[in-house]
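S.K.: Questions regarding the structure given below will be posed in turn.
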Amino acid sequence: MTAFSDPGEERDAIFSLLACALAASTWDDSPLGEGSGHNIAAVLVDRDGQPVAWARNEATGRRDLTEHAELRLMRGHIAADPERTELHKHQIYTTLEPCAMCAGMMAMTNIQRVVFGQRDPVYGGVFERLAGGETPYPKRVESKMAPAAACGELEREFARSGHAELIEWLPSPEARAAYGEAARRFRRLTPEFSENAHLLSAARDFLDTQLSR
């Protein structure tokens, strides 16, 4: 029995685990409200299916509540090219379900799709809310949770913790252990679908390049 139902699900697992590995590589044990920011990371994948940028949350260290991982990722990638104004057909893989601020910028920059590792029981569900009502928001972003085979233990560990909000759980040793295991799973992953072998190699090369900086 395979862990993934099709190549697309396996691709989602590869890039979701990459986001977890990047979060683990910059882990901050500081108590809530101290340090650099929440242990949340996001990866941008371009229209060719290649990881091209990443960012982590730095809201605390920069004393700026807009410094979320996804927002920093989008702003930084657009700013890097004077000719780039939006992110059409790009995808974002983030460790946490986007908030209203990040979801809004994803819609306005024409992000095609977002895949998240953990649901946010307090601030999540934004895209579903935008799609509801009598006049759904005209810009749509596909949003889905990462495959359970990739990130399922994150949800399970958070549920066991008893915390009401994820930001309370993220500085904990249990969260660090769960993200560390996801990073190890990324290193051990063997593609079940041959067409994903080059994507996994590109994702690992991307991680190694970022860690060497």
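Letters for chains follow the order of the structure tokens (A, B, ...), residue numbers begin at 1 for each chain, and ligand numbers begin at 1 in the order shown.
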Please identify which residues in segment 22-119 of chain A DSSP calls strand (DSSP E) from the backbone, and express them as a JSON list (two decimals) with N, CA and C atoms, in the first residue's frame.

M.R.:
[["chain", "number", "residue", "atom", "x", "y", "z"],
["A", 41, "ALA", "N", 7.07, 28.56, 8.85],
["A", 41, "ALA", "CA", 7.84, 28.78, 7.63],
["A", 41, "ALA", "C", 6.97, 28.54, 6.40],
["A", 42, "ALA", "N", 7.32, 29.22, 5.31],
["A", 42, "ALA", "CA", 6.57, 29.08, 4.06],
["A", 42, "ALA", "C", 7.54, 29.02, 2.89],
["A", 43, "VAL", "N", 7.18, 28.22, 1.88],
["A", 43, "VAL", "CA", 7.99, 28.02, 0.68],
["A", 43, "VAL", "C", 7.17, 28.43, -0.54],
["A", 44, "LEU", "N", 7.80, 29.14, -1.45],
["A", 44, "LEU", "CA", 7.16, 29.52, -2.71],
["A", 44, "LEU", "C", 7.64, 28.59, -3.81],
["A", 45, "VAL", "N", 6.70, 28.00, -4.54],
["A", 45, "VAL", "CA", 7.01, 27.10, -5.66],
["A", 45, "VAL", "C", 6.51, 27.77, -6.94],
["A", 51, "PRO", "N", 11.02, 25.07, -6.11],
["A", 51, "PRO", "CA", 11.06, 25.98, -4.96],
["A", 51, "PRO", "C", 12.00, 27.14, -5.26],
["A", 52, "VAL", "N", 11.53, 28.37, -5.07],
["A", 52, "VAL", "CA", 12.34, 29.52, -5.45],
["A", 52, "VAL", "C", 12.60, 30.49, -4.29],
["A", 53, "ALA", "N", 11.85, 30.38, -3.20],
["A", 53, "ALA", "CA", 12.06, 31.30, -2.08],
["A", 53, "ALA", "C", 11.39, 30.72, -0.85],
["A", 54, "TRP", "N", 11.84, 31.21, 0.30],
["A", 54, "TRP", "CA", 11.19, 30.81, 1.54],
["A", 54, "TRP", "C", 11.36, 31.93, 2.56],
["A", 55, "ALA", "N", 10.54, 31.88, 3.60],
["A", 55, "ALA", "CA", 10.64, 32.86, 4.68],
["A", 55, "ALA", "C", 10.05, 32.25, 5.95],
["A", 56, "ARG", "N", 10.44, 32.82, 7.09],
["A", 56, "ARG", "CA", 9.86, 32.40, 8.36],
["A", 56, "ARG", "C", 9.22, 33.61, 9.03],
["A", 91, "GLN", "N", 2.62, 28.58, -6.19],
["A", 91, "GLN", "CA", 1.99, 27.91, -5.06],
["A", 91, "GLN", "C", 2.79, 28.20, -3.79],
["A", 92, "ILE", "N", 2.10, 28.20, -2.67],
["A", 92, "ILE", "CA", 2.75, 28.38, -1.38],
["A", 92, "ILE", "C", 2.50, 27.16, -0.51],
["A", 93, "TYR", "N", 3.57, 26.66, 0.09],
["A", 93, "TYR", "CA", 3.48, 25.58, 1.07],
["A", 93, "TYR", "C", 3.90, 26.17, 2.40],
["A", 94, "THR", "N", 2.99, 26.18, 3.35],
["A", 94, "THR", "CA", 3.24, 26.81, 4.62],
["A", 94, "THR", "C", 2.93, 25.84, 5.76],
["A", 95, "THR", "N", 3.63, 26.00, 6.85],
["A", 95, "THR", "CA", 3.44, 25.06, 7.96],
["A", 95, "THR", "C", 2.15, 25.30, 8.72],
["A", 96, "LEU", "N", 1.57, 26.50, 8.58],
["A", 96, "LEU", "CA", 0.34, 26.82, 9.31],
["A", 96, "LEU", "C", -0.67, 27.46, 8.37],
["A", 113, "ARG", "N", -2.47, 28.49, -5.46],
["A", 113, "ARG", "CA", -2.82, 27.41, -4.54],
["A", 113, "ARG", "C", -1.95, 27.51, -3.30],
["A", 114, "VAL", "N", -2.52, 27.15, -2.15],
["A", 114, "VAL", "CA", -1.76, 27.10, -0.91],
["A", 114, "VAL", "C", -2.04, 25.77, -0.22],
["A", 115, "VAL", "N", -0.98, 25.15, 0.29],
["A", 115, "VAL", "CA", -1.08, 23.88, 1.03],
["A", 115, "VAL", "C", -0.47, 24.13, 2.40],
["A", 116, "PHE", "N", -1.19, 23.77, 3.46],
["A", 116, "PHE", "CA", -0.72, 24.08, 4.82],
["A", 116, "PHE", "C", -0.59, 22.80, 5.65],
["A", 117, "GLY", "N", 0.39, 22.80, 6.55],
["A", 117, "GLY", "CA", 0.68, 21.62, 7.34],
["A", 117, "GLY", "C", -0.25, 21.43, 8.53],
["A", 118, "GLN", "N", -0.69, 22.54, 9.14],
["A", 118, "GLN", "CA", -1.57, 22.48, 10.31],
["A", 118, "GLN", "C", -2.73, 23.45, 10.16]]

S.K.: Which residues are close to Glu165 of chain A, i.e. within 12 Å by only C-alpha atoms, leaving aside same-chain residues fewer than 3 positions away? Reply as a ChimeraX atom specification.

M.R.: /A:32,96,118-124,158-159,161-162,168-171

S.K.: Store the residues of this selection in a file with C-alpha atoms, as a CSV table (one decimal), in the first residue's frame.

M.R.:
chain,number,residue,atom,x,y,z
A,32,LEU,CA,5.7,33.4,23.4
A,96,LEU,CA,0.3,26.8,9.3
A,118,GLN,CA,-1.6,22.5,10.3
A,119,ARG,CA,-5.0,23.9,10.7
A,120,ASP,CA,-5.4,27.0,12.8
A,121,PRO,CA,-8.5,26.5,14.9
A,122,VAL,CA,-8.7,30.2,15.7
A,123,TYR,CA,-7.6,32.2,12.7
A,124,GLY,CA,-7.9,29.6,9.8
A,158,PHE,CA,-0.9,19.8,19.0
A,159,ALA,CA,-4.2,18.0,19.9
A,161,SER,CA,-0.9,19.4,24.1
A,162,GLY,CA,-4.2,20.9,25.3
A,168,GLU,CA,1.1,28.8,22.4
A,169,TRP,CA,2.3,25.3,21.3
A,170,LEU,CA,4.9,26.3,18.7
A,171,PRO,CA,7.7,27.2,21.2

S.K.: So the first atom is atom CA of Ile167 of chain A and the second is atom CA of Met105 of chain A; what is the distance between them in Å, to one decimal place?

M.R.: 21.3 Å

S.K.: Would you mind listing what lies within 9 Å of segment 196-199 of chain A as a list in words, with only C-alpha atoms counted and same-chain residues fewer than 2 positions away left out?

M.R.: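 Skipping anything fewer than 2 positions along the chain leaves Pro7, Gly8, Glu10, Arg11, Ile14, Phe15, Gly49, Gln50, Pro51, Thr190, Pro191, Glu192, Phe193, Ser194, Ser201, Ala202, Ala203 and Arg204 of chain A.
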
S.K.: From the DSSP assignment of the backbone, select every residue of segment 36-79 of chain A that is helix (DSSP H, G or I), and format the answer as an NGL selection string.

M.R.: :A and (69-79)

S.K.: Just the residues within 10 Å of Leu87 of chain A, please, counting only C-alpha atoms, with nothing from its chain fewer than 5 positions along; format it as a list of chain:residue names.

M.R.: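 The neighbour list is A:Leu44, A:Val45, A:Asp46, A:Arg47, A:Met74, A:His77, A:Ile78, A:Met106, A:Ala107, A:Met108, A:Thr109, A:Asn110, A:Ile111, A:Gln112.
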
S.K.: Could you turn the residues from that selection into a file that holds N, CA and C atoms, as a PDB file, in the first residue's frame?

M.R.:
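Contents of part08.pdb, freshly written:
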ATOM      1  N   LEU A  44       7.798  29.140  -1.450  1.00  0.00           N
ATOM      2  CA  LEU A  44       7.160  29.516  -2.708  1.00  0.00           C
ATOM      3  C   LEU A  44       7.645  28.587  -3.813  1.00  0.00           C
ATOM      4  N   VAL A  45       6.699  27.998  -4.544  1.00  0.00           N
ATOM      5  CA  VAL A  45       7.008  27.101  -5.661  1.00  0.00           C
ATOM      6  C   VAL A  45       6.508  27.772  -6.939  1.00  0.00           C
ATOM      7  N   ASP A  46       7.384  27.895  -7.931  1.00  0.00           N
ATOM      8  CA  ASP A  46       7.022  28.657  -9.130  1.00  0.00           C
ATOM      9  C   ASP A  46       6.181  27.828 -10.087  1.00  0.00           C
ATOM     10  N   ARG A  47       5.850  28.418 -11.218  1.00  0.00           N
ATOM     11  CA  ARG A  47       4.954  27.776 -12.179  1.00  0.00           C
ATOM     12  C   ARG A  47       5.568  26.541 -12.813  1.00  0.00           C
ATOM     13  N   MET A  74       6.034  36.507  -0.037  1.00  0.00           N
ATOM     14  CA  MET A  74       5.477  37.129  -1.244  1.00  0.00           C
ATOM     15  C   MET A  74       6.099  38.495  -1.512  1.00  0.00           C
ATOM     16  N   HIS A  77       9.777  38.084  -2.758  1.00  0.00           N
ATOM     17  CA  HIS A  77       9.968  37.543  -4.109  1.00  0.00           C
ATOM     18  C   HIS A  77       9.538  38.554  -5.169  1.00  0.00           C
ATOM     19  N   ILE A  78       8.480  39.283  -4.913  1.00  0.00           N
ATOM     20  CA  ILE A  78       8.055  40.309  -5.865  1.00  0.00           C
ATOM     21  C   ILE A  78       9.094  41.419  -5.936  1.00  0.00           C
ATOM     22  N   MET A 106      -2.361  36.646  -0.741  1.00  0.00           N
ATOM     23  CA  MET A 106      -2.304  35.555  -1.706  1.00  0.00           C
ATOM     24  C   MET A 106      -3.329  35.766  -2.816  1.00  0.00           C
ATOM     25  N   ALA A 107      -4.531  36.169  -2.432  1.00  0.00           N
ATOM     26  CA  ALA A 107      -5.573  36.419  -3.422  1.00  0.00           C
ATOM     27  C   ALA A 107      -5.191  37.579  -4.338  1.00  0.00           C
ATOM     28  N   MET A 108      -4.695  38.660  -3.768  1.00  0.00           N
ATOM     29  CA  MET A 108      -4.407  39.856  -4.556  1.00  0.00           C
ATOM     30  C   MET A 108      -3.179  39.704  -5.439  1.00  0.00           C
ATOM     31  N   THR A 109      -2.253  38.808  -5.089  1.00  0.00           N
ATOM     32  CA  THR A 109      -1.076  38.578  -5.934  1.00  0.00           C
ATOM     33  C   THR A 109      -1.267  37.391  -6.870  1.00  0.00           C
ATOM     34  N   ASN A 110      -2.478  36.826  -6.869  1.00  0.00           N
ATOM     35  CA  ASN A 110      -2.851  35.745  -7.798  1.00  0.00           C
ATOM     36  C   ASN A 110      -2.119  34.429  -7.542  1.00  0.00           C
ATOM     37  N   ILE A 111      -1.821  34.160  -6.280  1.00  0.00           N
ATOM     38  CA  ILE A 111      -1.312  32.828  -5.936  1.00  0.00           C
ATOM     39  C   ILE A 111      -2.359  31.798  -6.357  1.00  0.00           C
ATOM     40  N   GLN A 112      -1.903  30.748  -6.994  1.00  0.00           N
ATOM     41  CA  GLN A 112      -2.841  29.751  -7.497  1.00  0.00           C
ATOM     42  C   GLN A 112      -3.362  28.835  -6.400  1.00  0.00           C
TER      43      GLN A 112
END

S.K.: Which is closer to Arg184 of chain A than all the others in A:Leu18, A:Pro136, A:His68, A:Asp28, using only C-alpha atoms?

M.R.: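 The answer is A:Leu18, which sits nearest to Arg184 of chain A.
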
S.K.: Identify which of the residues A:Asp29, A:Met101, A:Ser16, A:Ser36 lies closest to Arg63 of chain A, counting only C-alpha atoms when measuring atom-to-atom distances.

M.R.: A:Ser36

S.K.: Can you work out which one of A:Pro31, A:Cys102, A:Pro82, A:Lys139 has the shortest atom-to-atom distance to Leu65 of chain A, counting only C-alpha atoms?

M.R.: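 Nearest candidate to Leu65 of chain A out of A:Pro31, A:Cys102, A:Pro82, A:Lys139: A:Cys102.
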
S.K.: Determine, counting only C-alpha atoms, which protein, DNA and RNA residues have an atom within 9 Å of an atom of Val126 of chain A; residues of the same chain fewer than 3 positions away are not included. Present the result as an MDAnalysis selection string.

M.R.: chainID A and resid 97:100 103:104 123 129:131

S.K.: What is the distance between atom CA of Thr209 of chain A and atom CA of Leu17 of chain A, in Å to one decimal?

M.R.: 16.1 Å

S.K.: One decimal, Å: what's the distance from atom CA of Ala148 of chain A over to atom CA of Ala164 of chain A, could you say?

M.R.: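 Here the two named atoms are 21.2 Å from each other.
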
S.K.: Which residue, A:Ser143, A:Ser172, A:Thr26, A:Ser5, has the smallest gap to Leu207 of chain A when you use only C-alpha atoms?

M.R.: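 Once distances to Leu207 of chain A are computed over only C-alpha atoms, the minimum belongs to A:Thr26.
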
S.K.: Can you check which parts of segment 175-202 of chain A lie within 12 Å of segment 153-157 of chain A? Per residue, the shortest pair of atoms and distance in Å to one decimal, counting only C-alpha atoms, sorted by chain and number, as a tab-separated table.

M.R.:
residue	atom	partner	partner_atom	distance
A:Ala175	CA	A:Glu157	CA	7.2
A:Arg176	CA	A:Leu154	CA	9.9
A:Ala177	CA	A:Glu157	CA	9.5
A:Ala178	CA	A:Leu154	CA	6.0
A:Tyr179	CA	A:Leu154	CA	7.2
A:Gly180	CA	A:Leu154	CA	10.4
A:Glu181	CA	A:Glu153	CA	8.9
A:Ala182	CA	A:Glu153	CA	8.3
A:Ala183	CA	A:Leu154	CA	11.8
A:Arg185	CA	A:Glu153	CA	11.3
